[in-house]
$ cat my_file-v7.cif   # mmCIF, N, CA, C and O atoms
data_final
loop_
_atom_site.label_atom_id
_atom_site.label_comp_id
_atom_site.auth_asym_id
_atom_site.auth_seq_id
_atom_site.Cartn_x
_atom_site.Cartn_y
_atom_site.Cartn_z
N MET A 1 32.69 -3.84 -175.62
CA MET A 1 31.73 -3.53 -174.58
C MET A 1 30.91 -4.78 -174.28
O MET A 1 30.36 -5.40 -175.18
N PRO A 2 30.81 -5.18 -173.01
CA PRO A 2 30.05 -6.39 -172.69
C PRO A 2 28.55 -6.19 -172.87
O PRO A 2 28.04 -5.10 -172.69
N ASP A 3 27.87 -7.28 -173.24
CA ASP A 3 26.41 -7.24 -173.35
C ASP A 3 25.77 -7.30 -171.97
O ASP A 3 24.64 -6.88 -171.79
N ASN A 4 26.47 -7.91 -171.02
CA ASN A 4 25.92 -8.12 -169.71
C ASN A 4 27.02 -7.85 -168.68
O ASN A 4 28.05 -8.50 -168.70
N TYR A 5 26.78 -6.92 -167.78
CA TYR A 5 27.77 -6.53 -166.79
C TYR A 5 27.71 -7.38 -165.52
O TYR A 5 28.47 -7.16 -164.60
N TYR A 6 26.83 -8.37 -165.49
CA TYR A 6 26.65 -9.17 -164.27
C TYR A 6 27.95 -9.82 -163.81
O TYR A 6 28.30 -9.75 -162.64
N ARG A 7 28.68 -10.46 -164.72
CA ARG A 7 29.90 -11.20 -164.33
C ARG A 7 30.94 -10.25 -163.74
O ARG A 7 31.59 -10.58 -162.75
N ILE A 8 31.09 -9.08 -164.30
CA ILE A 8 32.06 -8.10 -163.79
C ILE A 8 31.67 -7.69 -162.37
O ILE A 8 32.51 -7.66 -161.46
N VAL A 9 30.39 -7.39 -162.16
CA VAL A 9 29.90 -6.96 -160.85
C VAL A 9 30.00 -8.10 -159.85
O VAL A 9 30.46 -7.91 -158.72
N ALA A 10 29.60 -9.31 -160.24
CA ALA A 10 29.64 -10.46 -159.33
C ALA A 10 31.07 -10.76 -158.90
O ALA A 10 31.33 -11.05 -157.72
N ASP A 11 32.02 -10.71 -159.83
CA ASP A 11 33.42 -10.96 -159.48
C ASP A 11 33.95 -9.92 -158.51
O ASP A 11 34.67 -10.25 -157.55
N GLU A 12 33.60 -8.67 -158.72
CA GLU A 12 34.06 -7.60 -157.82
C GLU A 12 33.41 -7.72 -156.44
O GLU A 12 34.07 -7.53 -155.42
N LEU A 13 32.12 -8.06 -156.40
CA LEU A 13 31.46 -8.25 -155.11
C LEU A 13 32.10 -9.39 -154.33
O LEU A 13 32.33 -9.28 -153.12
N ALA A 14 32.40 -10.49 -155.01
CA ALA A 14 33.07 -11.61 -154.35
C ALA A 14 34.44 -11.20 -153.83
O ALA A 14 34.84 -11.58 -152.72
N ARG A 15 35.17 -10.41 -154.61
CA ARG A 15 36.48 -9.93 -154.18
C ARG A 15 36.37 -9.06 -152.93
O ARG A 15 37.24 -9.09 -152.06
N LEU A 16 35.27 -8.32 -152.81
CA LEU A 16 35.05 -7.44 -151.66
C LEU A 16 34.50 -8.19 -150.44
O LEU A 16 34.30 -7.59 -149.39
N GLY A 17 34.23 -9.49 -150.57
CA GLY A 17 33.75 -10.27 -149.44
C GLY A 17 32.25 -10.45 -149.39
O GLY A 17 31.71 -10.85 -148.37
N PHE A 18 31.55 -10.17 -150.49
CA PHE A 18 30.11 -10.39 -150.54
C PHE A 18 29.85 -11.83 -150.95
O PHE A 18 30.61 -12.43 -151.72
N LYS A 19 28.76 -12.40 -150.44
CA LYS A 19 28.33 -13.75 -150.80
C LYS A 19 26.89 -13.70 -151.25
O LYS A 19 26.09 -12.93 -150.71
N ARG A 20 26.54 -14.55 -152.23
CA ARG A 20 25.13 -14.66 -152.63
C ARG A 20 24.36 -15.33 -151.52
O ARG A 20 24.83 -16.29 -150.90
N THR A 21 23.17 -14.82 -151.24
CA THR A 21 22.32 -15.40 -150.22
C THR A 21 21.01 -15.84 -150.85
O THR A 21 20.64 -15.36 -151.93
N PRO A 22 20.30 -16.76 -150.21
CA PRO A 22 19.02 -17.20 -150.77
C PRO A 22 18.03 -16.04 -150.85
O PRO A 22 18.07 -15.11 -150.06
N GLY A 23 17.16 -16.14 -151.80
CA GLY A 23 16.13 -15.12 -151.97
C GLY A 23 16.32 -14.38 -153.26
O GLY A 23 17.06 -14.79 -154.15
N GLY A 24 15.64 -13.29 -153.38
CA GLY A 24 15.64 -12.54 -154.63
C GLY A 24 14.45 -13.01 -155.46
O GLY A 24 14.00 -14.14 -155.34
N LYS A 25 13.95 -12.13 -156.27
CA LYS A 25 12.78 -12.47 -157.07
C LYS A 25 13.10 -12.34 -158.54
O LYS A 25 13.80 -11.43 -158.96
N GLY A 26 12.59 -13.27 -159.30
CA GLY A 26 12.80 -13.23 -160.74
C GLY A 26 14.27 -13.33 -161.08
O GLY A 26 14.95 -14.26 -160.66
N SER A 27 14.75 -12.37 -161.83
CA SER A 27 16.14 -12.41 -162.29
C SER A 27 17.08 -11.65 -161.35
O SER A 27 18.20 -11.33 -161.74
N HIS A 28 16.66 -11.39 -160.13
CA HIS A 28 17.49 -10.63 -159.19
C HIS A 28 18.05 -11.56 -158.11
O HIS A 28 17.42 -12.53 -157.72
N GLU A 29 19.24 -11.22 -157.64
CA GLU A 29 19.89 -11.98 -156.58
C GLU A 29 20.19 -11.06 -155.40
O GLU A 29 20.44 -9.87 -155.58
N LYS A 30 20.22 -11.65 -154.20
CA LYS A 30 20.63 -10.92 -153.01
C LYS A 30 22.09 -11.26 -152.72
O LYS A 30 22.49 -12.42 -152.79
N TRP A 31 22.86 -10.24 -152.42
CA TRP A 31 24.25 -10.40 -152.02
C TRP A 31 24.42 -9.75 -150.66
O TRP A 31 23.86 -8.68 -150.40
N ARG A 32 25.20 -10.37 -149.78
CA ARG A 32 25.40 -9.84 -148.43
C ARG A 32 26.90 -9.81 -148.11
O ARG A 32 27.62 -10.76 -148.37
N SER A 33 27.32 -8.72 -147.51
CA SER A 33 28.71 -8.57 -147.09
C SER A 33 28.93 -9.38 -145.83
O SER A 33 28.17 -9.26 -144.86
N THR A 34 29.98 -10.20 -145.83
CA THR A 34 30.28 -10.99 -144.64
C THR A 34 30.86 -10.12 -143.53
O THR A 34 30.74 -10.45 -142.36
N ALA A 35 31.47 -9.00 -143.88
CA ALA A 35 32.09 -8.13 -142.88
C ALA A 35 31.09 -7.16 -142.25
O ALA A 35 31.00 -7.04 -141.03
N SER A 36 30.33 -6.45 -143.10
CA SER A 36 29.46 -5.38 -142.59
C SER A 36 27.99 -5.79 -142.50
O SER A 36 27.21 -5.09 -141.86
N GLY A 37 27.60 -6.86 -143.19
CA GLY A 37 26.20 -7.26 -143.20
C GLY A 37 25.37 -6.50 -144.22
O GLY A 37 24.17 -6.72 -144.32
N ARG A 38 25.98 -5.62 -144.97
CA ARG A 38 25.27 -4.83 -145.98
C ARG A 38 24.70 -5.75 -147.05
O ARG A 38 25.34 -6.70 -147.48
N ARG A 39 23.46 -5.46 -147.49
CA ARG A 39 22.81 -6.26 -148.52
C ARG A 39 22.61 -5.46 -149.79
O ARG A 39 22.29 -4.27 -149.74
N LEU A 40 22.79 -6.14 -150.92
CA LEU A 40 22.59 -5.53 -152.23
C LEU A 40 21.73 -6.45 -153.08
O LEU A 40 21.78 -7.67 -152.93
N ILE A 41 20.97 -5.86 -153.99
CA ILE A 41 20.19 -6.61 -154.96
C ILE A 41 20.87 -6.41 -156.32
O ILE A 41 21.11 -5.28 -156.73
N VAL A 42 21.16 -7.53 -156.99
CA VAL A 42 21.87 -7.47 -158.27
C VAL A 42 21.04 -8.21 -159.32
O VAL A 42 20.74 -9.39 -159.14
N PRO A 43 20.66 -7.54 -160.41
CA PRO A 43 19.93 -8.23 -161.49
C PRO A 43 20.87 -9.12 -162.30
O PRO A 43 22.00 -8.72 -162.59
N ARG A 44 20.42 -10.31 -162.66
CA ARG A 44 21.22 -11.21 -163.49
C ARG A 44 21.37 -10.68 -164.91
O ARG A 44 22.35 -10.96 -165.58
N ASN A 45 20.40 -9.94 -165.38
CA ASN A 45 20.45 -9.38 -166.74
C ASN A 45 20.86 -7.91 -166.68
O ASN A 45 20.16 -7.04 -167.16
N LEU A 46 22.02 -7.66 -166.12
CA LEU A 46 22.51 -6.31 -165.88
C LEU A 46 23.12 -5.75 -167.16
O LEU A 46 24.26 -6.03 -167.49
N LYS A 47 22.36 -4.94 -167.88
CA LYS A 47 22.80 -4.42 -169.17
C LYS A 47 23.21 -2.96 -169.12
O LYS A 47 23.79 -2.45 -170.06
N SER A 48 22.93 -2.29 -168.02
CA SER A 48 23.25 -0.86 -167.90
C SER A 48 24.57 -0.65 -167.17
O SER A 48 24.75 -1.09 -166.03
N ARG A 49 25.48 0.03 -167.84
CA ARG A 49 26.77 0.38 -167.23
C ARG A 49 26.56 1.26 -166.01
O ARG A 49 27.26 1.13 -165.00
N HIS A 50 25.59 2.15 -166.07
CA HIS A 50 25.32 3.07 -164.97
C HIS A 50 24.80 2.33 -163.74
O HIS A 50 25.20 2.63 -162.61
N THR A 51 23.94 1.35 -163.94
CA THR A 51 23.44 0.54 -162.83
C THR A 51 24.57 -0.28 -162.23
O THR A 51 24.70 -0.39 -161.02
N ALA A 52 25.41 -0.85 -163.10
CA ALA A 52 26.56 -1.63 -162.62
C ALA A 52 27.47 -0.77 -161.77
O ALA A 52 27.90 -1.18 -160.68
N ASN A 53 27.76 0.44 -162.22
CA ASN A 53 28.62 1.34 -161.45
C ASN A 53 27.95 1.76 -160.14
O ASN A 53 28.63 1.92 -159.12
N GLY A 54 26.64 1.91 -160.14
CA GLY A 54 25.92 2.24 -158.92
C GLY A 54 26.01 1.13 -157.89
O GLY A 54 26.21 1.38 -156.69
N ILE A 55 25.87 -0.11 -158.33
CA ILE A 55 25.97 -1.26 -157.43
C ILE A 55 27.37 -1.35 -156.86
O ILE A 55 27.57 -1.57 -155.66
N LEU A 56 28.38 -1.17 -157.73
CA LEU A 56 29.76 -1.22 -157.25
C LEU A 56 30.05 -0.10 -156.26
O LEU A 56 30.73 -0.31 -155.26
N GLY A 57 29.50 1.07 -156.50
CA GLY A 57 29.67 2.18 -155.56
C GLY A 57 29.01 1.89 -154.22
O GLY A 57 29.59 2.18 -153.16
N ASP A 58 27.81 1.32 -154.26
CA ASP A 58 27.12 0.97 -153.01
C ASP A 58 27.88 -0.10 -152.23
O ASP A 58 27.80 -0.14 -151.01
N ALA A 59 28.61 -0.95 -152.95
CA ALA A 59 29.39 -1.99 -152.30
C ALA A 59 30.69 -1.46 -151.71
O ALA A 59 31.35 -2.15 -150.97
N GLY A 60 31.06 -0.23 -152.07
CA GLY A 60 32.28 0.36 -151.55
C GLY A 60 33.49 0.17 -152.44
O GLY A 60 34.62 0.35 -152.02
N SER A 61 33.24 -0.18 -153.70
CA SER A 61 34.33 -0.39 -154.65
C SER A 61 34.65 0.90 -155.41
O SER A 61 33.76 1.68 -155.69
N ASP A 62 35.91 1.07 -155.73
CA ASP A 62 36.33 2.19 -156.58
C ASP A 62 36.34 1.81 -158.05
O ASP A 62 36.56 2.66 -158.90
N LYS A 63 36.10 0.53 -158.35
CA LYS A 63 36.12 0.05 -159.73
C LYS A 63 34.93 0.60 -160.49
O LYS A 63 33.83 0.72 -159.96
N ARG A 64 35.15 0.93 -161.75
CA ARG A 64 34.08 1.39 -162.65
C ARG A 64 34.17 0.60 -163.94
O ARG A 64 35.26 0.25 -164.40
N VAL A 65 33.03 0.33 -164.54
CA VAL A 65 33.02 -0.43 -165.81
C VAL A 65 32.67 0.49 -166.96
O VAL A 65 32.16 1.54 -166.81
#
$ encode --input "my_file-v7.cif" --output "structure tokens"
Amino acid sequence: MPDNYYRIVADELARLGFKRTPGGKGSHEKWRSTASGRRLIVPRNLKSRHTANGILGDAGSDKRV
């Protein structure tokens, strides 16, 4: 079980066409879809599997961690 789900989520977002954009506060990053313009906030210290799955679901991915 990973200690930090950030890398899994970031790789999947990139695969879906999301790009990191400037901004975000503290340990959070903004990601934006190049196709739809949808924006997501992703914490760098993502330790919750449930939060990771929620972000992936909001991005439109069927992947679960």
$ residues_near_point --input "my_file-v7.cif" --point "(29.3, -5.2, -145.8)" --cutoff "8 Å" --atoms "only N, CA, C and O atoms" --output "list of chain:residue names"
A:Leu16, A:Gly17, A:Phe18, A:Trp31, A:Arg32, A:Ser33, A:Thr34, A:Ala35, A:Ser36, A:Gly37, A:Arg38, A:Arg39, A:Asp58, A:Ala59
$ resolve_selection --input "my_file-v7.cif" --expression "the PyMOL selection byres ((chain A and resi 43) around 6)" --output "ChimeraX atom specification"
/A:6,27-29,41-42,44-46
$ atom_distance --input "my_file-v7.cif" --atom1 "atom O of Gly60 (chain A)" --atom2 "CA of Gly26 (chain A)"
27.1 Å
$ resolve_selection --input "my_file-v7.cif" --expression "the PyMOL selection byres (((chain A and resi 5 and name CA) around 12) and name CA)" --output "list in words"
Met1, Pro2, Asp3, Asn4, Tyr6, Arg7, Ile8, Val9, Ala10, Asp11, Glu12, Val42, Pro43, Arg44, Asn45, Leu46, Lys47, Ser48, Arg49, His50, Thr51, Ala52, Asn53, Gly54, Ile55, Leu56, Arg64 and Val65 of chain A
$ select_by_dssp --input "my_file-v7.cif" --residues "region 11-41 of chain A" --states "helix (DSSP H, G or I)" --output "PyMOL selection string"
chain A and resi 11-15
$ atom_distance --input "my_file-v7.cif" --atom1 "atom O of Asp62 (chain A)" --atom2 "atom N of Leu40 (chain A)"
18.2 Å
$ atom_distance --input "my_file-v7.cif" --atom1 "atom O of Ser61 (chain A)" --atom2 "atom N of Leu13 (chain A)"
9.9 Å
$ select_by_dssp --input "my_file-v7.cif" --residues "chain A" --states "strand (DSSP E or B)" --output "PyMOL selection string"
chain A and resi 18-21+28-33+39-43
$ axis_aligned_box --input "my_file-v7.cif" --around "region 5-16 of chain A" --padding-each-side "6 Å" --output "JSON"
{"center_x": 31.9, "center_y": -9.1, "center_z": -158.6, "size_x": 22.6, "size_y": 17.1, "size_z": 30.4}
$ build_atoms --input "my_file-v7.cif" --residues "region 21-32 of chain A" --atoms "all heavy atoms" --output "JSON list (two decimals), in the coordinates of the input"
[["chain", "number", "residue", "atom", "x", "y", "z"],
["A", 21, "THR", "N", 23.17, -14.82, -151.24],
["A", 21, "THR", "CA", 22.32, -15.40, -150.22],
["A", 21, "THR", "C", 21.01, -15.84, -150.85],
["A", 21, "THR", "O", 20.64, -15.36, -151.93],
["A", 21, "THR", "CB", 22.04, -14.40, -149.08],
["A", 21, "THR", "OG1", 21.40, -13.24, -149.64],
["A", 21, "THR", "CG2", 23.32, -13.97, -148.40],
["A", 22, "PRO", "N", 20.30, -16.76, -150.21],
["A", 22, "PRO", "CA", 19.02, -17.20, -150.77],
["A", 22, "PRO", "C", 18.03, -16.04, -150.85],
["A", 22, "PRO", "O", 18.07, -15.11, -150.06],
["A", 22, "PRO", "CB", 18.52, -18.24, -149.76],
["A", 22, "PRO", "CG", 19.72, -18.64, -148.98],
["A", 22, "PRO", "CD", 20.65, -17.47, -148.99],
["A", 23, "GLY", "N", 17.16, -16.14, -151.80],
["A", 23, "GLY", "CA", 16.13, -15.12, -151.97],
["A", 23, "GLY", "C", 16.32, -14.38, -153.26],
["A", 23, "GLY", "O", 17.06, -14.79, -154.15],
["A", 24, "GLY", "N", 15.64, -13.29, -153.38],
["A", 24, "GLY", "CA", 15.64, -12.54, -154.63],
["A", 24, "GLY", "C", 14.45, -13.01, -155.46],
["A", 24, "GLY", "O", 14.00, -14.14, -155.34],
["A", 25, "LYS", "N", 13.95, -12.13, -156.27],
["A", 25, "LYS", "CA", 12.78, -12.47, -157.07],
["A", 25, "LYS", "C", 13.10, -12.34, -158.54],
["A", 25, "LYS", "O", 13.80, -11.43, -158.96],
["A", 25, "LYS", "CB", 11.61, -11.55, -156.72],
["A", 25, "LYS", "CG", 11.11, -11.76, -155.31],
["A", 25, "LYS", "CD", 9.86, -10.98, -155.08],
["A", 25, "LYS", "CE", 9.33, -11.33, -153.71],
["A", 25, "LYS", "NZ", 7.99, -10.87, -153.50],
["A", 26, "GLY", "N", 12.59, -13.27, -159.30],
["A", 26, "GLY", "CA", 12.80, -13.23, -160.74],
["A", 26, "GLY", "C", 14.27, -13.33, -161.08],
["A", 26, "GLY", "O", 14.95, -14.26, -160.66],
["A", 27, "SER", "N", 14.75, -12.37, -161.83],
["A", 27, "SER", "CA", 16.14, -12.41, -162.29],
["A", 27, "SER", "C", 17.08, -11.65, -161.35],
["A", 27, "SER", "O", 18.20, -11.33, -161.74],
["A", 27, "SER", "CB", 16.24, -11.81, -163.69],
["A", 27, "SER", "OG", 15.92, -10.43, -163.64],
["A", 28, "HIS", "N", 16.66, -11.39, -160.13],
["A", 28, "HIS", "CA", 17.49, -10.63, -159.19],
["A", 28, "HIS", "C", 18.05, -11.56, -158.11],
["A", 28, "HIS", "O", 17.42, -12.53, -157.72],
["A", 28, "HIS", "CB", 16.67, -9.52, -158.53],
["A", 28, "HIS", "CG", 16.31, -8.43, -159.48],
["A", 28, "HIS", "ND1", 15.38, -8.59, -160.47],
["A", 28, "HIS", "CD2", 16.77, -7.17, -159.60],
["A", 28, "HIS", "CE1", 15.27, -7.46, -161.16],
["A", 28, "HIS", "NE2", 16.12, -6.58, -160.65],
["A", 29, "GLU", "N", 19.24, -11.22, -157.64],
["A", 29, "GLU", "CA", 19.89, -11.98, -156.58],
["A", 29, "GLU", "C", 20.19, -11.06, -155.40],
["A", 29, "GLU", "O", 20.44, -9.87, -155.58],
["A", 29, "GLU", "CB", 21.23, -12.54, -157.06],
["A", 29, "GLU", "CG", 21.11, -13.53, -158.17],
["A", 29, "GLU", "CD", 22.47, -14.01, -158.65],
["A", 29, "GLU", "OE1", 23.49, -13.34, -158.38],
["A", 29, "GLU", "OE2", 22.50, -15.04, -159.32],
["A", 30, "LYS", "N", 20.22, -11.65, -154.20],
["A", 30, "LYS", "CA", 20.63, -10.92, -153.01],
["A", 30, "LYS", "C", 22.09, -11.26, -152.72],
["A", 30, "LYS", "O", 22.49, -12.42, -152.79],
["A", 30, "LYS", "CB", 19.79, -11.34, -151.80],
["A", 30, "LYS", "CG", 18.38, -10.84, -151.83],
["A", 30, "LYS", "CD", 17.68, -11.23, -150.55],
["A", 30, "LYS", "CE", 16.26, -10.77, -150.55],
["A", 30, "LYS", "NZ", 15.54, -11.17, -149.34],
["A", 31, "TRP", "N", 22.86, -10.24, -152.42],
["A", 31, "TRP", "CA", 24.25, -10.40, -152.02],
["A", 31, "TRP", "C", 24.42, -9.75, -150.66],
["A", 31, "TRP", "O", 23.86, -8.68, -150.40],
["A", 31, "TRP", "CB", 25.18, -9.73, -153.03],
["A", 31, "TRP", "CG", 25.29, -10.47, -154.32],
["A", 31, "TRP", "CD1", 24.35, -10.55, -155.31],
["A", 31, "TRP", "CD2", 26.41, -11.22, -154.79],
["A", 31, "TRP", "NE1", 24.82, -11.31, -156.35],
["A", 31, "TRP", "CE2", 26.09, -11.72, -156.06],
["A", 31, "TRP", "CE3", 27.66, -11.49, -154.26],
["A", 31, "TRP", "CZ2", 26.97, -12.50, -156.79],
["A", 31, "TRP", "CZ3", 28.54, -12.25, -154.98],
["A", 31, "TRP", "CH2", 28.19, -12.75, -156.24],
["A", 32, "ARG", "N", 25.20, -10.37, -149.78],
["A", 32, "ARG", "CA", 25.40, -9.84, -148.43],
["A", 32, "ARG", "C", 26.90, -9.81, -148.11],
["A", 32, "ARG", "O", 27.62, -10.76, -148.37],
["A", 32, "ARG", "CB", 24.67, -10.71, -147.42],
["A", 32, "ARG", "CG", 24.73, -10.17, -146.03],
["A", 32, "ARG", "CD", 23.94, -11.05, -145.08],
["A", 32, "ARG", "NE", 23.97, -10.46, -143.77],
["A", 32, "ARG", "CZ", 22.95, -9.88, -143.19],
["A", 32, "ARG", "NH1", 21.79, -9.84, -143.80],
["A", 32, "ARG", "NH2", 23.05, -9.36, -142.00]]
